[in-house]
>>> print(open('work-v7.cif').read())   # mmCIF, N, CA and C atoms and all ligand atoms
data_work
loop_
_atom_site.label_atom_id
_atom_site.label_comp_id
_atom_site.auth_asym_id
_atom_site.auth_seq_id
_atom_site.Cartn_x
_atom_site.Cartn_y
_atom_site.Cartn_z
N MET A 1 25.82 -19.59 -5.67
CA MET A 1 26.22 -18.89 -6.91
C MET A 1 25.19 -19.14 -8.01
N ALA A 2 24.95 -20.40 -8.29
CA ALA A 2 23.96 -20.74 -9.32
C ALA A 2 22.59 -20.18 -8.93
N ILE A 3 22.29 -20.28 -7.64
CA ILE A 3 20.98 -19.81 -7.17
C ILE A 3 20.87 -18.29 -7.33
N ASN A 4 21.98 -17.57 -7.03
CA ASN A 4 21.98 -16.12 -7.21
C ASN A 4 21.74 -15.73 -8.66
N VAL A 5 22.39 -16.44 -9.56
CA VAL A 5 22.22 -16.14 -10.98
C VAL A 5 20.77 -16.35 -11.37
N LEU A 6 20.20 -17.43 -10.87
CA LEU A 6 18.79 -17.71 -11.16
C LEU A 6 17.90 -16.60 -10.63
N ARG A 7 18.21 -16.16 -9.39
CA ARG A 7 17.38 -15.15 -8.77
C ARG A 7 17.45 -13.82 -9.54
N VAL A 8 18.67 -13.44 -9.93
CA VAL A 8 18.83 -12.20 -10.69
C VAL A 8 18.06 -12.31 -12.01
N GLY A 9 18.19 -13.45 -12.66
CA GLY A 9 17.48 -13.67 -13.92
C GLY A 9 15.98 -13.56 -13.72
N PHE A 10 15.50 -14.14 -12.64
CA PHE A 10 14.07 -14.11 -12.37
C PHE A 10 13.58 -12.69 -12.09
N ASP A 11 14.37 -11.93 -11.29
CA ASP A 11 13.99 -10.55 -10.98
C ASP A 11 13.93 -9.69 -12.25
N MET A 12 14.91 -9.90 -13.12
CA MET A 12 14.91 -9.12 -14.37
C MET A 12 13.69 -9.46 -15.22
N MET A 13 13.35 -10.73 -15.23
CA MET A 13 12.22 -11.19 -16.01
C MET A 13 10.93 -10.59 -15.45
N LYS A 14 10.81 -10.65 -14.12
CA LYS A 14 9.62 -10.11 -13.46
C LYS A 14 9.44 -8.64 -13.81
N HIS A 15 10.59 -7.91 -13.75
CA HIS A 15 10.56 -6.48 -14.02
C HIS A 15 10.11 -6.20 -15.45
N SER A 16 10.65 -6.95 -16.43
CA SER A 16 10.29 -6.65 -17.81
C SER A 16 8.87 -7.10 -18.14
N ILE A 17 8.39 -8.09 -17.43
CA ILE A 17 7.03 -8.57 -17.70
C ILE A 17 5.99 -7.63 -17.08
N ALA A 18 6.36 -6.98 -15.97
CA ALA A 18 5.39 -6.12 -15.28
C ALA A 18 4.78 -5.07 -16.21
N GLY A 19 5.59 -4.53 -17.14
CA GLY A 19 5.08 -3.52 -18.06
C GLY A 19 4.09 -4.07 -19.06
N LEU A 20 4.10 -5.37 -19.24
CA LEU A 20 3.20 -5.98 -20.21
C LEU A 20 1.95 -6.55 -19.56
N MET A 21 2.04 -6.79 -18.26
CA MET A 21 0.92 -7.44 -17.59
C MET A 21 -0.26 -6.51 -17.44
N ASP A 22 -1.44 -7.08 -17.42
CA ASP A 22 -2.62 -6.22 -17.31
C ASP A 22 -2.86 -5.81 -15.87
N GLU A 23 -3.51 -4.66 -15.76
CA GLU A 23 -3.73 -4.05 -14.45
C GLU A 23 -5.18 -3.62 -14.34
N ALA A 24 -5.64 -3.50 -13.11
CA ALA A 24 -6.98 -2.95 -12.88
C ALA A 24 -6.91 -1.45 -13.13
N PRO A 25 -7.94 -0.84 -13.73
CA PRO A 25 -7.91 0.60 -13.99
C PRO A 25 -8.19 1.37 -12.70
N ASP A 26 -7.86 2.67 -12.70
CA ASP A 26 -8.18 3.48 -11.52
C ASP A 26 -9.69 3.70 -11.46
N SER A 27 -10.15 4.17 -10.31
CA SER A 27 -11.60 4.24 -10.11
C SER A 27 -12.27 5.30 -11.01
N ASP A 28 -11.53 6.35 -11.40
CA ASP A 28 -12.10 7.35 -12.32
C ASP A 28 -12.40 6.72 -13.68
N THR A 29 -11.47 5.91 -14.16
CA THR A 29 -11.66 5.25 -15.45
C THR A 29 -12.85 4.31 -15.39
N LEU A 30 -12.93 3.55 -14.32
CA LEU A 30 -14.04 2.61 -14.14
C LEU A 30 -15.37 3.36 -14.10
N GLN A 31 -15.37 4.47 -13.38
CA GLN A 31 -16.57 5.30 -13.26
C GLN A 31 -16.98 5.83 -14.64
N MET A 32 -16.00 6.26 -15.42
CA MET A 32 -16.26 6.79 -16.77
C MET A 32 -16.84 5.69 -17.65
N ILE A 33 -16.28 4.50 -17.57
CA ILE A 33 -16.76 3.38 -18.38
C ILE A 33 -18.21 3.04 -18.02
N ARG A 34 -18.50 3.02 -16.72
CA ARG A 34 -19.88 2.74 -16.29
C ARG A 34 -20.83 3.81 -16.82
N ALA A 35 -20.41 5.07 -16.80
CA ALA A 35 -21.26 6.17 -17.28
C ALA A 35 -21.49 6.04 -18.79
N VAL A 36 -20.43 5.71 -19.54
CA VAL A 36 -20.55 5.58 -21.00
C VAL A 36 -21.52 4.44 -21.34
N ILE A 37 -21.42 3.33 -20.63
CA ILE A 37 -22.35 2.21 -20.87
C ILE A 37 -23.78 2.67 -20.57
N SER A 38 -23.94 3.27 -19.40
CA SER A 38 -25.27 3.70 -18.97
C SER A 38 -25.92 4.68 -19.95
N GLU A 39 -25.11 5.58 -20.52
CA GLU A 39 -25.66 6.62 -21.40
C GLU A 39 -25.85 6.17 -22.84
N ASN A 40 -25.21 5.06 -23.22
CA ASN A 40 -25.26 4.67 -24.64
C ASN A 40 -26.01 3.37 -24.93
N ALA A 41 -26.50 2.73 -23.89
CA ALA A 41 -27.18 1.45 -24.09
C ALA A 41 -28.70 1.63 -24.08
N THR A 42 -29.16 2.73 -24.63
CA THR A 42 -30.60 3.00 -24.66
C THR A 42 -31.35 1.82 -25.27
N GLY A 43 -32.39 1.36 -24.56
CA GLY A 43 -33.15 0.20 -25.02
C GLY A 43 -32.84 -1.01 -24.15
N ALA A 44 -31.66 -1.02 -23.54
CA ALA A 44 -31.31 -2.08 -22.60
C ALA A 44 -31.83 -1.69 -21.22
N ILE A 45 -31.72 -2.60 -20.26
CA ILE A 45 -32.26 -2.36 -18.92
C ILE A 45 -31.16 -2.04 -17.91
N GLU A 46 -30.14 -2.87 -17.89
CA GLU A 46 -29.04 -2.63 -16.95
C GLU A 46 -27.80 -3.39 -17.42
N ALA A 47 -26.68 -3.04 -16.81
CA ALA A 47 -25.43 -3.75 -17.08
C ALA A 47 -24.87 -4.20 -15.75
N HIS A 48 -24.28 -5.40 -15.71
CA HIS A 48 -23.64 -5.86 -14.48
C HIS A 48 -22.41 -6.69 -14.80
N ASP A 49 -21.70 -7.09 -13.72
CA ASP A 49 -20.46 -7.87 -13.85
C ASP A 49 -19.47 -7.20 -14.81
N ILE A 50 -19.30 -5.89 -14.66
CA ILE A 50 -18.39 -5.14 -15.52
C ILE A 50 -16.96 -5.40 -15.06
N ARG A 51 -16.13 -5.88 -15.96
CA ARG A 51 -14.73 -6.16 -15.63
C ARG A 51 -13.83 -5.44 -16.63
N VAL A 52 -12.87 -4.71 -16.12
CA VAL A 52 -11.97 -3.94 -16.97
C VAL A 52 -10.53 -4.21 -16.56
N ARG A 53 -9.68 -4.48 -17.56
CA ARG A 53 -8.24 -4.63 -17.34
C ARG A 53 -7.56 -3.78 -18.40
N THR A 54 -6.39 -3.28 -18.09
CA THR A 54 -5.65 -2.56 -19.12
C THR A 54 -4.26 -3.17 -19.25
N ALA A 55 -3.74 -3.18 -20.47
CA ALA A 55 -2.36 -3.63 -20.73
C ALA A 55 -1.77 -2.57 -21.64
N GLY A 56 -0.93 -1.68 -21.08
CA GLY A 56 -0.42 -0.56 -21.86
C GLY A 56 -1.59 0.32 -22.28
N SER A 57 -1.70 0.59 -23.60
CA SER A 57 -2.77 1.48 -24.05
C SER A 57 -4.02 0.69 -24.47
N LEU A 58 -3.99 -0.61 -24.28
CA LEU A 58 -5.13 -1.45 -24.69
C LEU A 58 -5.99 -1.79 -23.47
N SER A 59 -7.31 -1.63 -23.62
CA SER A 59 -8.22 -1.99 -22.53
C SER A 59 -9.03 -3.23 -22.90
N PHE A 60 -9.31 -4.05 -21.91
CA PHE A 60 -10.18 -5.21 -22.08
C PHE A 60 -11.41 -4.94 -21.23
N ILE A 61 -12.57 -4.90 -21.88
CA ILE A 61 -13.80 -4.59 -21.16
C ILE A 61 -14.79 -5.72 -21.39
N GLU A 62 -15.37 -6.19 -20.31
CA GLU A 62 -16.35 -7.28 -20.38
C GLU A 62 -17.52 -6.93 -19.50
N PHE A 63 -18.73 -7.14 -19.96
CA PHE A 63 -19.87 -6.96 -19.05
C PHE A 63 -21.09 -7.68 -19.58
N HIS A 64 -22.08 -7.83 -18.72
CA HIS A 64 -23.36 -8.41 -19.10
C HIS A 64 -24.35 -7.27 -19.33
N LEU A 65 -25.10 -7.36 -20.42
CA LEU A 65 -26.08 -6.33 -20.73
C LEU A 65 -27.46 -6.99 -20.74
N VAL A 66 -28.33 -6.51 -19.87
CA VAL A 66 -29.68 -7.08 -19.77
C VAL A 66 -30.62 -6.30 -20.68
N VAL A 67 -31.33 -7.02 -21.55
CA VAL A 67 -32.28 -6.38 -22.48
C VAL A 67 -33.64 -7.03 -22.29
N PRO A 68 -34.73 -6.39 -22.75
CA PRO A 68 -36.05 -7.04 -22.66
C PRO A 68 -35.99 -8.40 -23.37
N GLY A 69 -36.63 -9.42 -22.75
CA GLY A 69 -36.56 -10.78 -23.29
C GLY A 69 -37.05 -10.90 -24.72
N ALA A 70 -37.99 -10.03 -25.11
CA ALA A 70 -38.57 -10.14 -26.44
C ALA A 70 -37.80 -9.33 -27.49
N MET A 71 -36.75 -8.65 -27.07
CA MET A 71 -35.98 -7.84 -28.04
C MET A 71 -35.30 -8.76 -29.08
N SER A 72 -35.28 -8.32 -30.32
CA SER A 72 -34.66 -9.14 -31.37
C SER A 72 -33.14 -9.15 -31.24
N VAL A 73 -32.55 -10.15 -31.84
CA VAL A 73 -31.08 -10.24 -31.87
C VAL A 73 -30.52 -9.00 -32.57
N SER A 74 -31.17 -8.59 -33.67
CA SER A 74 -30.70 -7.41 -34.42
C SER A 74 -30.68 -6.17 -33.53
N ASN A 75 -31.76 -5.97 -32.78
CA ASN A 75 -31.81 -4.79 -31.92
C ASN A 75 -30.77 -4.83 -30.81
N SER A 76 -30.61 -5.98 -30.18
CA SER A 76 -29.64 -6.03 -29.08
C SER A 76 -28.21 -5.90 -29.64
N HIS A 77 -28.00 -6.42 -30.83
CA HIS A 77 -26.68 -6.28 -31.46
C HIS A 77 -26.39 -4.81 -31.78
N GLU A 78 -27.42 -4.11 -32.21
CA GLU A 78 -27.28 -2.68 -32.52
C GLU A 78 -26.88 -1.89 -31.26
N ILE A 79 -27.49 -2.24 -30.14
CA ILE A 79 -27.15 -1.58 -28.87
C ILE A 79 -25.68 -1.88 -28.52
N CYS A 80 -25.28 -3.13 -28.69
CA CYS A 80 -23.89 -3.51 -28.39
C CYS A 80 -22.91 -2.71 -29.24
N ASP A 81 -23.20 -2.60 -30.54
CA ASP A 81 -22.33 -1.83 -31.44
C ASP A 81 -22.21 -0.38 -30.98
N LYS A 82 -23.33 0.19 -30.61
CA LYS A 82 -23.35 1.59 -30.19
C LYS A 82 -22.51 1.78 -28.93
N VAL A 83 -22.67 0.87 -27.98
CA VAL A 83 -21.92 0.98 -26.72
C VAL A 83 -20.42 0.77 -27.00
N GLU A 84 -20.10 -0.19 -27.85
CA GLU A 84 -18.69 -0.45 -28.18
C GLU A 84 -18.03 0.78 -28.82
N HIS A 85 -18.74 1.40 -29.78
CA HIS A 85 -18.18 2.59 -30.42
C HIS A 85 -17.99 3.72 -29.42
N ALA A 86 -18.98 3.91 -28.55
CA ALA A 86 -18.88 4.98 -27.56
C ALA A 86 -17.71 4.72 -26.61
N LEU A 87 -17.53 3.46 -26.19
CA LEU A 87 -16.42 3.15 -25.28
C LEU A 87 -15.08 3.43 -25.96
N ARG A 88 -14.97 3.05 -27.24
CA ARG A 88 -13.70 3.28 -27.95
C ARG A 88 -13.44 4.77 -28.15
N ARG A 89 -14.50 5.54 -28.36
CA ARG A 89 -14.33 7.00 -28.50
C ARG A 89 -13.75 7.58 -27.23
N HIS A 90 -14.16 7.03 -26.08
CA HIS A 90 -13.71 7.57 -24.80
C HIS A 90 -12.38 7.03 -24.33
N ILE A 91 -12.10 5.75 -24.58
CA ILE A 91 -10.87 5.20 -24.00
C ILE A 91 -9.86 4.71 -25.03
N GLY A 92 -10.19 4.80 -26.32
CA GLY A 92 -9.21 4.37 -27.33
C GLY A 92 -9.30 2.87 -27.59
N ARG A 93 -8.14 2.28 -27.89
CA ARG A 93 -8.13 0.87 -28.27
C ARG A 93 -8.70 -0.02 -27.17
N ALA A 94 -9.65 -0.88 -27.56
CA ALA A 94 -10.25 -1.74 -26.55
C ALA A 94 -10.76 -3.02 -27.19
N ILE A 95 -10.64 -4.11 -26.43
CA ILE A 95 -11.26 -5.37 -26.82
C ILE A 95 -12.46 -5.51 -25.90
N ILE A 96 -13.63 -5.56 -26.50
CA ILE A 96 -14.87 -5.49 -25.71
C ILE A 96 -15.71 -6.74 -25.93
N HIS A 97 -16.11 -7.36 -24.84
CA HIS A 97 -17.02 -8.51 -24.91
C HIS A 97 -18.28 -8.16 -24.13
N ILE A 98 -19.42 -8.24 -24.82
CA ILE A 98 -20.69 -7.96 -24.15
C ILE A 98 -21.54 -9.23 -24.19
N HIS A 99 -21.95 -9.66 -23.01
CA HIS A 99 -22.79 -10.85 -22.89
C HIS A 99 -24.23 -10.37 -22.72
N VAL A 100 -25.07 -10.63 -23.71
CA VAL A 100 -26.46 -10.16 -23.67
C VAL A 100 -27.34 -11.16 -22.93
N GLU A 101 -28.17 -10.65 -22.03
CA GLU A 101 -29.07 -11.51 -21.26
C GLU A 101 -30.50 -10.99 -21.31
N PRO A 102 -31.51 -11.87 -21.23
CA PRO A 102 -32.90 -11.41 -21.15
C PRO A 102 -33.19 -10.87 -19.74
N GLU A 103 -34.22 -10.06 -19.62
CA GLU A 103 -34.43 -9.32 -18.37
C GLU A 103 -34.67 -10.18 -17.13
N GLU A 104 -35.10 -11.44 -17.32
CA GLU A 104 -35.29 -12.31 -16.14
C GLU A 104 -33.99 -12.47 -15.37
N LYS A 105 -32.86 -12.20 -16.06
CA LYS A 105 -31.55 -12.38 -15.43
C LYS A 105 -31.04 -11.09 -14.79
N ALA A 106 -31.83 -10.03 -14.79
CA ALA A 106 -31.37 -8.75 -14.24
C ALA A 106 -30.96 -8.91 -12.78
N LYS A 107 -29.91 -8.23 -12.39
CA LYS A 107 -29.45 -8.24 -11.01
C LYS A 107 -29.78 -6.87 -10.44
N GLN A 108 -30.11 -6.82 -9.17
CA GLN A 108 -30.40 -5.52 -8.59
C GLN A 108 -29.14 -4.70 -8.38
N THR A 109 -28.01 -5.35 -8.44
CA THR A 109 -26.76 -4.64 -8.23
C THR A 109 -26.22 -4.00 -9.51
N GLY A 110 -26.90 -4.25 -10.64
CA GLY A 110 -26.42 -3.73 -11.91
C GLY A 110 -26.56 -2.22 -12.01
N ILE A 111 -25.86 -1.59 -12.97
CA ILE A 111 -26.03 -0.16 -13.18
C ILE A 111 -27.19 0.02 -14.16
N PRO A 112 -28.15 0.86 -13.81
CA PRO A 112 -29.30 1.06 -14.70
C PRO A 112 -28.88 1.80 -15.97
N VAL A 113 -29.54 1.47 -17.07
CA VAL A 113 -29.28 2.17 -18.32
C VAL A 113 -30.23 3.36 -18.36
N LEU A 114 -29.68 4.52 -18.71
CA LEU A 114 -30.51 5.73 -18.78
C LEU A 114 -31.37 5.66 -20.05
N ALA A 115 -32.66 5.84 -19.88
CA ALA A 115 -33.57 5.73 -21.03
C ALA A 115 -33.43 6.96 -21.93
ZN ZN A 201 -25.24 -11.74 -16.00
#
>>> encode(input="work-v7.cif", output="structure tokens")
Amino acid sequence: MAINVLRVGFDMMKHSIAGLMDEAPDSDTLQMIRAVISENATGAIEAHDIRVRTAGSLSFIEFHLVVPGAMSVSNSHEICDKVEHALRRHIGRAIIHIHVEPEEKAKQTGIPVLA
């Protein structure tokens, strides 16, 4: 009896939490995000380790952006701002973290940035 009550309580909790928990986006959304990064990061070299989660209408986007090693902080920051604005224009509310790396760290598996 006590165990049943616990189980019902747990199932209800699981159900109500599921709507709040973050989920992986569908492949179209991921593809769109990769394209937006690629088209708006002019001056950068590539992006890799792109991770996207969504919770309701909010998206969490994280990725590494490889830039020329000699690029100034101001310039790389400007690229980040541009990409962030473009991503928000396309997907709405988003928390975006971009980790900037010098080109020595480029991965061959990254998505190239369109010049
Ligand atoms: Zn990296």
>>> residues_near_ligand(input="work-v7.cif", ligand="ligand ZN 201 (chain A)", cutoff="7 Å", atoms="all atoms listed in the file", output="JSON, numbers by chain")
{"A": [48, 49, 63, 64, 65, 99, 101, 105, 106, 107]}
>>> atom_distance(input="work-v7.cif", atom1="CA of Pro102 in chain A", atom2="CA of Ala70 in chain A")
7.9 Å
>>> residues_around(input="work-v7.cif", residues="range 90-94 of chain A", least_positions_apart="5", cutoff="8 Å", atoms="only N, CA and C atoms", output="list of chain:residue names")
A:Ser57, A:Leu58, A:Ser59, A:Phe60, A:Ile61, A:Glu84, A:His85
>>> residues_around(input="work-v7.cif", residues="Ser72 in chain A", least_positions_apart="2", cutoff="12 Å", atoms="only C-alpha atoms", output="PyMOL selection string")
chain A and resi 43-44+67-70+74-79+100-102
>>> closest_residue(input="work-v7.cif", among="A:Met32, A:Leu87, A:Leu114, A:Val66", to="Ala47 in chain A", atoms="only N, CA and C atoms")
A:Val66
>>> residues_near_point(input="work-v7.cif", point="(-23.7, 8.7, -26.0)", cutoff="6.5 Å", atoms="only N, CA and C atoms", output="PyMOL selection string")
chain A and resi 39-40+86
>>> residues_around(input="work-v7.cif", residues="Pro112 in chain A", least_positions_apart="6", cutoff="6 Å", atoms="all atoms listed in the file", output="tab-separated table (two decimals) with N, CA and C atoms, keeping the file's coordinate frame")
chain	number	residue	atom	x	y	z
A	38	SER	N	-23.94	3.27	-19.40
A	38	SER	CA	-25.27	3.70	-18.97
A	38	SER	C	-25.92	4.68	-19.95
A	45	ILE	N	-31.72	-2.60	-20.26
A	45	ILE	CA	-32.26	-2.36	-18.92
A	45	ILE	C	-31.16	-2.04	-17.91
A	46	GLU	N	-30.14	-2.87	-17.89
A	46	GLU	CA	-29.04	-2.63	-16.95
A	46	GLU	C	-27.80	-3.39	-17.42
A	47	ALA	N	-26.68	-3.04	-16.81
A	47	ALA	CA	-25.43	-3.75	-17.08
A	47	ALA	C	-24.87	-4.20	-15.75
>>> closest_residue(input="work-v7.cif", among="A:Ile96, A:Ile37, A:Lys82, A:Asp26", to="Val113 in chain A", atoms="all atoms listed in the file")
A:Ile37
>>> select_by_dssp(input="work-v7.cif", residues="chain A", states="alpha helix (DSSP H)", output="PyMOL selection string")
chain A and resi 2-18+27-40+73-91
>>> atom_distance(input="work-v7.cif", atom1="atom N of Ala24 in chain A", atom2="atom C of Arg51 in chain A")
9.1 Å
>>> atom_distance(input="work-v7.cif", atom1="atom C of Glu62 in chain A", atom2="atom C of Ile98 in chain A")
6.6 Å
>>> select_by_dssp(input="work-v7.cif", residues="range 23-100 of chain A", states="strand (DSSP E or B)", output="MDAnalysis selection string")
chainID A and resid 23 42 44 46:55 58:67 94:100
>>> decode(input="work-v7.cif", residues="range 13-113 of chain A", atoms="C-alpha atoms", output="PDB file, in the first residue's frame")
ATOM      1  CA  MET A  13       6.270  13.595 -10.678  1.00  0.00           C
ATOM      2  CA  LYS A  14       8.071  12.021 -13.632  1.00  0.00           C
ATOM      3  CA  HIS A  15       5.212  13.005 -15.911  1.00  0.00           C
ATOM      4  CA  SER A  16       5.134  16.647 -14.796  1.00  0.00           C
ATOM      5  CA  ILE A  17       8.899  16.988 -14.946  1.00  0.00           C
ATOM      6  CA  ALA A  18       9.130  15.559 -18.474  1.00  0.00           C
ATOM      7  CA  GLY A  19       7.640  18.776 -19.911  1.00  0.00           C
ATOM      8  CA  LEU A  20      10.350  20.818 -18.247  1.00  0.00           C
ATOM      9  CA  MET A  21      13.310  18.617 -19.006  1.00  0.00           C
ATOM     10  CA  ASP A  22      15.566  19.459 -21.887  1.00  0.00           C
ATOM     11  CA  GLU A  23      15.568  17.440 -25.052  1.00  0.00           C
ATOM     12  CA  ALA A  24      17.790  16.957 -28.061  1.00  0.00           C
ATOM     13  CA  PRO A  25      16.460  18.922 -31.074  1.00  0.00           C
ATOM     14  CA  ASP A  26      15.323  17.194 -34.263  1.00  0.00           C
ATOM     15  CA  SER A  27      17.868  16.850 -37.046  1.00  0.00           C
ATOM     16  CA  ASP A  28      16.306  19.663 -39.157  1.00  0.00           C
ATOM     17  CA  THR A  29      16.789  22.130 -36.312  1.00  0.00           C
ATOM     18  CA  LEU A  30      20.359  20.974 -35.788  1.00  0.00           C
ATOM     19  CA  GLN A  31      21.031  21.279 -39.510  1.00  0.00           C
ATOM     20  CA  MET A  32      19.582  24.814 -39.521  1.00  0.00           C
ATOM     21  CA  ILE A  33      21.728  25.823 -36.541  1.00  0.00           C
ATOM     22  CA  ARG A  34      24.868  24.491 -38.243  1.00  0.00           C
ATOM     23  CA  ALA A  35      23.990  26.426 -41.420  1.00  0.00           C
ATOM     24  CA  VAL A  36      23.347  29.673 -39.481  1.00  0.00           C
ATOM     25  CA  ILE A  37      26.726  29.357 -37.724  1.00  0.00           C
ATOM     26  CA  SER A  38      28.489  28.563 -40.979  1.00  0.00           C
ATOM     27  CA  GLU A  39      26.925  31.522 -42.814  1.00  0.00           C
ATOM     28  CA  ASN A  40      27.357  34.132 -40.079  1.00  0.00           C
ATOM     29  CA  ALA A  41      30.790  33.474 -38.621  1.00  0.00           C
ATOM     30  CA  THR A  42      32.679  35.158 -41.458  1.00  0.00           C
ATOM     31  CA  GLY A  43      36.303  35.605 -40.393  1.00  0.00           C
ATOM     32  CA  ALA A  44      36.311  32.411 -38.324  1.00  0.00           C
ATOM     33  CA  ILE A  45      37.631  29.108 -39.673  1.00  0.00           C
ATOM     34  CA  GLU A  46      35.337  26.384 -38.385  1.00  0.00           C
ATOM     35  CA  ALA A  47      32.981  25.392 -35.600  1.00  0.00           C
ATOM     36  CA  HIS A  48      32.960  22.075 -33.750  1.00  0.00           C
ATOM     37  CA  ASP A  49      31.529  20.302 -30.688  1.00  0.00           C
ATOM     38  CA  ILE A  50      28.126  21.896 -31.345  1.00  0.00           C
ATOM     39  CA  ARG A  51      25.678  20.895 -28.617  1.00  0.00           C
ATOM     40  CA  VAL A  52      22.020  21.899 -28.608  1.00  0.00           C
ATOM     41  CA  ARG A  53      19.303  21.189 -26.035  1.00  0.00           C
ATOM     42  CA  THR A  54      15.832  22.637 -25.855  1.00  0.00           C
ATOM     43  CA  ALA A  55      13.555  23.140 -22.840  1.00  0.00           C
ATOM     44  CA  GLY A  56      10.127  24.311 -23.985  1.00  0.00           C
ATOM     45  CA  SER A  57      10.692  27.369 -26.187  1.00  0.00           C
ATOM     46  CA  LEU A  58      14.202  28.002 -24.844  1.00  0.00           C
ATOM     47  CA  SER A  59      17.274  26.617 -26.618  1.00  0.00           C
ATOM     48  CA  PHE A  60      20.729  26.065 -25.155  1.00  0.00           C
ATOM     49  CA  ILE A  61      23.462  26.210 -27.776  1.00  0.00           C
ATOM     50  CA  GLU A  62      27.141  25.596 -27.145  1.00  0.00           C
ATOM     51  CA  PHE A  63      29.998  25.264 -29.586  1.00  0.00           C
ATOM     52  CA  HIS A  64      33.678  25.907 -30.186  1.00  0.00           C
ATOM     53  CA  LEU A  65      34.580  28.533 -32.771  1.00  0.00           C
ATOM     54  CA  VAL A  66      38.058  28.375 -34.289  1.00  0.00           C
ATOM     55  CA  VAL A  67      39.523  31.726 -35.384  1.00  0.00           C
ATOM     56  CA  PRO A  68      42.977  32.714 -36.721  1.00  0.00           C
ATOM     57  CA  GLY A  69      45.416  32.723 -33.782  1.00  0.00           C
ATOM     58  CA  ALA A  70      46.387  36.342 -34.394  1.00  0.00           C
ATOM     59  CA  MET A  71      42.811  37.650 -34.449  1.00  0.00           C
ATOM     60  CA  SER A  72      42.106  40.237 -31.743  1.00  0.00           C
ATOM     61  CA  VAL A  73      39.720  39.610 -28.886  1.00  0.00           C
ATOM     62  CA  SER A  74      37.563  42.474 -30.224  1.00  0.00           C
ATOM     63  CA  ASN A  75      37.274  40.876 -33.640  1.00  0.00           C
ATOM     64  CA  SER A  76      36.473  37.405 -32.363  1.00  0.00           C
ATOM     65  CA  HIS A  77      33.930  38.883 -29.954  1.00  0.00           C
ATOM     66  CA  GLU A  78      32.300  40.716 -32.853  1.00  0.00           C
ATOM     67  CA  ILE A  79      31.960  37.429 -34.746  1.00  0.00           C
ATOM     68  CA  CYS A  80      30.405  35.790 -31.668  1.00  0.00           C
ATOM     69  CA  ASP A  81      27.864  38.622 -31.331  1.00  0.00           C
ATOM     70  CA  LYS A  82      26.930  38.343 -34.978  1.00  0.00           C
ATOM     71  CA  VAL A  83      26.445  34.576 -34.778  1.00  0.00           C
ATOM     72  CA  GLU A  84      24.436  34.881 -31.549  1.00  0.00           C
ATOM     73  CA  HIS A  85      22.089  37.465 -33.079  1.00  0.00           C
ATOM     74  CA  ALA A  86      21.630  35.372 -36.210  1.00  0.00           C
ATOM     75  CA  LEU A  87      20.865  32.250 -34.146  1.00  0.00           C
ATOM     76  CA  ARG A  88      18.270  34.132 -32.070  1.00  0.00           C
ATOM     77  CA  ARG A  89      16.659  35.523 -35.239  1.00  0.00           C
ATOM     78  CA  HIS A  90      16.208  31.959 -36.475  1.00  0.00           C
ATOM     79  CA  ILE A  91      15.286  30.044 -33.342  1.00  0.00           C
ATOM     80  CA  GLY A  92      14.037  32.629 -30.844  1.00  0.00           C
ATOM     81  CA  ARG A  93      15.004  32.593 -27.184  1.00  0.00           C
ATOM     82  CA  ALA A  94      18.387  30.992 -26.669  1.00  0.00           C
ATOM     83  CA  ILE A  95      21.213  30.803 -24.177  1.00  0.00           C
ATOM     84  CA  ILE A  96      24.367  30.626 -26.253  1.00  0.00           C
ATOM     85  CA  HIS A  97      27.909  29.828 -25.157  1.00  0.00           C
ATOM     86  CA  ILE A  98      30.697  30.129 -27.696  1.00  0.00           C
ATOM     87  CA  HIS A  99      34.175  28.906 -26.806  1.00  0.00           C
ATOM     88  CA  VAL A 100      36.723  30.693 -29.009  1.00  0.00           C
ATOM     89  CA  GLU A 101      39.882  28.791 -29.963  1.00  0.00           C
ATOM     90  CA  PRO A 102      42.987  29.661 -32.030  1.00  0.00           C
ATOM     91  CA  GLU A 103      43.370  27.798 -35.324  1.00  0.00           C
ATOM     92  CA  GLU A 104      45.975  25.329 -34.006  1.00  0.00           C
ATOM     93  CA  LYS A 105      43.010  23.710 -32.253  1.00  0.00           C
ATOM     94  CA  ALA A 106      40.957  23.220 -35.435  1.00  0.00           C
ATOM     95  CA  LYS A 107      39.430  19.774 -35.830  1.00  0.00           C
ATOM     96  CA  GLN A 108      38.942  18.234 -39.227  1.00  0.00           C
ATOM     97  CA  THR A 109      35.491  17.146 -38.177  1.00  0.00           C
ATOM     98  CA  GLY A 110      34.317  20.731 -37.653  1.00  0.00           C
ATOM     99  CA  ILE A 111      31.875  22.525 -39.959  1.00  0.00           C
ATOM    100  CA  PRO A 112      33.727  25.011 -42.164  1.00  0.00           C
ATOM    101  CA  VAL A 113      32.714  28.653 -41.988  1.00  0.00           C
TER     102      VAL A 113
END
